[in-house]
Amino acid sequence: MEIVVVDQGETPVALPAGLADRVVRLGENRGFTGGTNAGIAGISCELVATINDDLLIEPGWTAALVAALEREPRAAAAQGVNLVLEPPGRPERTDGWGLGWNRAFQAVQLGHGKPPPSLAEPVREVFGVSATAALYRREALAAVAFPGGQVFDERLGSYYEDADLASRLRAAGWIALSVPAARARHAGSATSGADRARARARWASLYGNRYLVLARLLGTGFWPRLPLLAMRDLKDLARAVFQGDRSLVEGIFAGWTRALRLLPAFARRGRSSAPDLVYTSVDTKIVAR
């Protein structure tokens, strides 16, 4: 096992001796996509794990995911159950155990806010995995990488980048797994922060990147669904105006502007590249159909 730490701070972070086998210092924040791509570059291991710095993996996490991938050669990636990191004594809540799509064409964390499944529950197939904490098969990543070796599309920065990767892996014939026996605890947004400027940037990425990823995923099927996407955003915008949430209002408009600017580079002709896309708003097994 090789441990790689990516430091995107403008000034180097002091790391304890022995924490990592290799440290990649970028000197600037290139977002989740740029930082993760920099960490993956140069790795020759058969399996590659991505782990956010606001998350703690529990003992047995790696072994459970490795075993799941070894049993299913069609699987490009696997993730465990990410729990919400909370003070001791509170009931456990799930942050997510896989990625799916709801009927409003929003990428969702399956199981979010609900009690976690039993450790003994079987491995299940999901549309994709959250790169917050996941194990990928290097062969699969190489098969869908962009020219130059980019695994995650760096134009997306942060948010929807793992849904985009999941879509490209699906299009290439791979599947993804959720492994209840693997557990991690996620603080959530510990790095991005909560001030207004950062909140606005977060909303801009969320609302803008969704259009870009779906344009690539759905092909010509994207355009008939565009009114549905816009209607969902308008509902959120109306609620934000009513509640006086200025950062969300500004973020939605910024996201639309971002989508319009980048959409020509993501839109493509042809049918959906993931015909097994299943829409879900409940906890169900997500399989090809």
# chains A, B, ... in the order shown; residues from 1 in each chain; ligands from 1
$ residues_around --residues "range 144-157 of chain A" --least-positions-apart "5" --cutoff "12 Å" --atoms "only C-alpha atoms" --output "PyMOL selection string"
chain A and resi 29-43+48+50+76+131+136-139+162-174+201-202+204-213+216+255+258-259+261-263+265-266
$ select_by_dssp --residues "range 35-264 of chain A" --states "strand (DSSP E or B)" --output "ChimeraX atom specification"
/A:47-51,55-57,75-84,94-96,99-101,107-109,124-126,128,133-137,175-186
$ write_last_selection --atoms "C-alpha atoms" --output "PDB file, in the first residue's frame"
ATOM      1  CA  LEU A  47      -6.490  -0.324  -6.830  1.00  0.00           C
ATOM      2  CA  VAL A  48      -6.738   3.384  -5.961  1.00  0.00           C
ATOM      3  CA  ALA A  49      -8.651   4.803  -2.981  1.00  0.00           C
ATOM      4  CA  THR A  50      -9.811   8.414  -2.773  1.00  0.00           C
ATOM      5  CA  ILE A  51     -10.335   9.704   0.781  1.00  0.00           C
ATOM      6  CA  LEU A  55     -13.465  11.771   6.707  1.00  0.00           C
ATOM      7  CA  LEU A  56     -12.274   8.936   8.959  1.00  0.00           C
ATOM      8  CA  ILE A  57     -12.231   5.396   7.652  1.00  0.00           C
ATOM      9  CA  ALA A  75     -16.960  -3.613 -10.869  1.00  0.00           C
ATOM     10  CA  ALA A  76     -14.929  -0.460 -11.469  1.00  0.00           C
ATOM     11  CA  ALA A  77     -15.462   0.927  -7.974  1.00  0.00           C
ATOM     12  CA  ALA A  78     -16.822   0.206  -4.524  1.00  0.00           C
ATOM     13  CA  GLN A  79     -17.745   2.309  -1.535  1.00  0.00           C
ATOM     14  CA  GLY A  80     -18.850   1.563   1.990  1.00  0.00           C
ATOM     15  CA  VAL A  81     -21.473   3.204   4.167  1.00  0.00           C
ATOM     16  CA  ASN A  82     -20.415   6.741   5.044  1.00  0.00           C
ATOM     17  CA  LEU A  83     -21.861   7.753   8.401  1.00  0.00           C
ATOM     18  CA  VAL A  84     -22.357  11.322   9.609  1.00  0.00           C
ATOM     19  CA  THR A  94     -26.096   7.650   7.041  1.00  0.00           C
ATOM     20  CA  ASP A  95     -24.383  10.286   4.951  1.00  0.00           C
ATOM     21  CA  GLY A  96     -24.574   8.003   1.917  1.00  0.00           C
ATOM     22  CA  LEU A  99     -24.810   7.590  -5.823  1.00  0.00           C
ATOM     23  CA  GLY A 100     -28.145   7.553  -7.603  1.00  0.00           C
ATOM     24  CA  TRP A 101     -30.387   9.946  -9.515  1.00  0.00           C
ATOM     25  CA  ALA A 107     -27.424  13.169  -8.188  1.00  0.00           C
ATOM     26  CA  VAL A 108     -28.266  12.001  -4.659  1.00  0.00           C
ATOM     27  CA  GLN A 109     -26.492  10.254  -1.810  1.00  0.00           C
ATOM     28  CA  ARG A 124     -25.421  -4.319  -3.789  1.00  0.00           C
ATOM     29  CA  GLU A 125     -25.017  -2.660  -7.144  1.00  0.00           C
ATOM     30  CA  VAL A 126     -25.468   1.117  -7.342  1.00  0.00           C
ATOM     31  CA  GLY A 128     -21.942   5.003  -8.873  1.00  0.00           C
ATOM     32  CA  ALA A 133     -14.297   7.639   0.198  1.00  0.00           C
ATOM     33  CA  ALA A 134     -14.155   4.996  -2.506  1.00  0.00           C
ATOM     34  CA  LEU A 135     -11.928   2.322  -3.984  1.00  0.00           C
ATOM     35  CA  TYR A 136     -11.429   2.294  -7.760  1.00  0.00           C
ATOM     36  CA  ARG A 137      -9.950  -0.263 -10.101  1.00  0.00           C
ATOM     37  CA  ILE A 175     -20.626  -1.344 -12.638  1.00  0.00           C
ATOM     38  CA  ALA A 176     -20.279   0.019  -9.078  1.00  0.00           C
ATOM     39  CA  LEU A 177     -20.828  -1.610  -5.691  1.00  0.00           C
ATOM     40  CA  SER A 178     -21.998  -0.565  -2.237  1.00  0.00           C
ATOM     41  CA  VAL A 179     -20.451  -2.597   0.591  1.00  0.00           C
ATOM     42  CA  PRO A 180     -22.263  -2.314   3.970  1.00  0.00           C
ATOM     43  CA  ALA A 181     -19.376  -4.005   5.827  1.00  0.00           C
ATOM     44  CA  ALA A 182     -17.079  -1.051   5.058  1.00  0.00           C
ATOM     45  CA  ARG A 183     -17.656   2.003   7.242  1.00  0.00           C
ATOM     46  CA  ALA A 184     -16.373   5.586   7.364  1.00  0.00           C
ATOM     47  CA  ARG A 185     -17.420   8.750   9.197  1.00  0.00           C
ATOM     48  CA  HIS A 186     -17.790  12.000   7.284  1.00  0.00           C
TER      49      HIS A 186
END
$ select_by_dssp --residues "range 117-272 of chain A" --states "alpha helix (DSSP H)" --output "MDAnalysis selection string"
chainID A and resid 138:144 161:171 196:218 222:243 246:266
$ atom_distance --atom1 "CA of Gly9 in chain A" --atom2 "CA of Asp53 in chain A"
12.8 Å
$ residues_around --residues "Thr220 in chain A" --least-positions-apart "4" --cutoff "8 Å" --atoms "only C-alpha atoms" --output "ChimeraX atom specification"
/A:215,268-272
$ write_last_selection --atoms "C-alpha atoms" --output "JSON list (two decimals), in the first residue's frame"
[["chain", "number", "residue", "atom", "x", "y", "z"],
["A", 215, "ALA", "CA", -25.53, 17.03, -21.12],
["A", 268, "ARG", "CA", -22.85, 15.79, -27.40],
["A", 269, "ARG", "CA", -24.90, 14.08, -30.06],
["A", 270, "GLY", "CA", -26.20, 10.54, -29.85],
["A", 271, "ARG", "CA", -28.19, 8.55, -27.34],
["A", 272, "SER", "CA", -27.61, 8.35, -23.60]]
$ atom_distance --atom1 "CA of Pro115 in chain A" --atom2 "CA of Asp54 in chain A"
20.7 Å
$ residues_around --residues "range 227-231 of chain A" --least-positions-apart "4" --cutoff "8 Å" --atoms "only C-alpha atoms" --output "PDB file with C-alpha atoms, in the first residue's frame"
ATOM      1  CA  ALA A 104     -35.572  15.682 -10.926  1.00  0.00           C
ATOM      2  CA  PHE A 105     -32.254  14.516 -12.406  1.00  0.00           C
ATOM      3  CA  TYR A 211     -26.367  20.600 -16.394  1.00  0.00           C
ATOM      4  CA  LYS A 235     -38.492  26.150  -7.260  1.00  0.00           C
TER       5      LYS A 235
END
$ atom_distance --atom1 "CA of Trp203 in chain A" --atom2 "CA of Ser247 in chain A"
7.9 Å
$ residues_around --residues "Arg246 in chain A" --least-positions-apart "6" --cutoff "9 Å" --atoms "only C-alpha atoms" --output "list in words"
Arg196, Arg200 and Ala240 of chain A
$ write_last_selection --atoms "N, CA and C atoms" --output "PDB file, in the first residue's frame"
ATOM      1  N   ARG A 196     -20.232  33.115   3.503  1.00  0.00           N
ATOM      2  CA  ARG A 196     -21.119  33.399   2.382  1.00  0.00           C
ATOM      3  C   ARG A 196     -20.451  33.180   1.028  1.00  0.00           C
ATOM      4  N   ARG A 200     -21.726  30.493  -1.643  1.00  0.00           N
ATOM      5  CA  ARG A 200     -22.128  30.878  -3.001  1.00  0.00           C
ATOM      6  C   ARG A 200     -21.395  30.044  -4.043  1.00  0.00           C
ATOM      7  N   ALA A 240     -35.467  30.170  -1.930  1.00  0.00           N
ATOM      8  CA  ALA A 240     -34.331  30.940  -1.407  1.00  0.00           C
ATOM      9  C   ALA A 240     -34.687  32.419  -1.272  1.00  0.00           C
TER      10      ALA A 240
END
$ closest_residue --among "A:Leu110, A:Ala20, A:Val123, A:Val13" --to "Leu69 in chain A" --atoms "only C-alpha atoms"
A:Val123
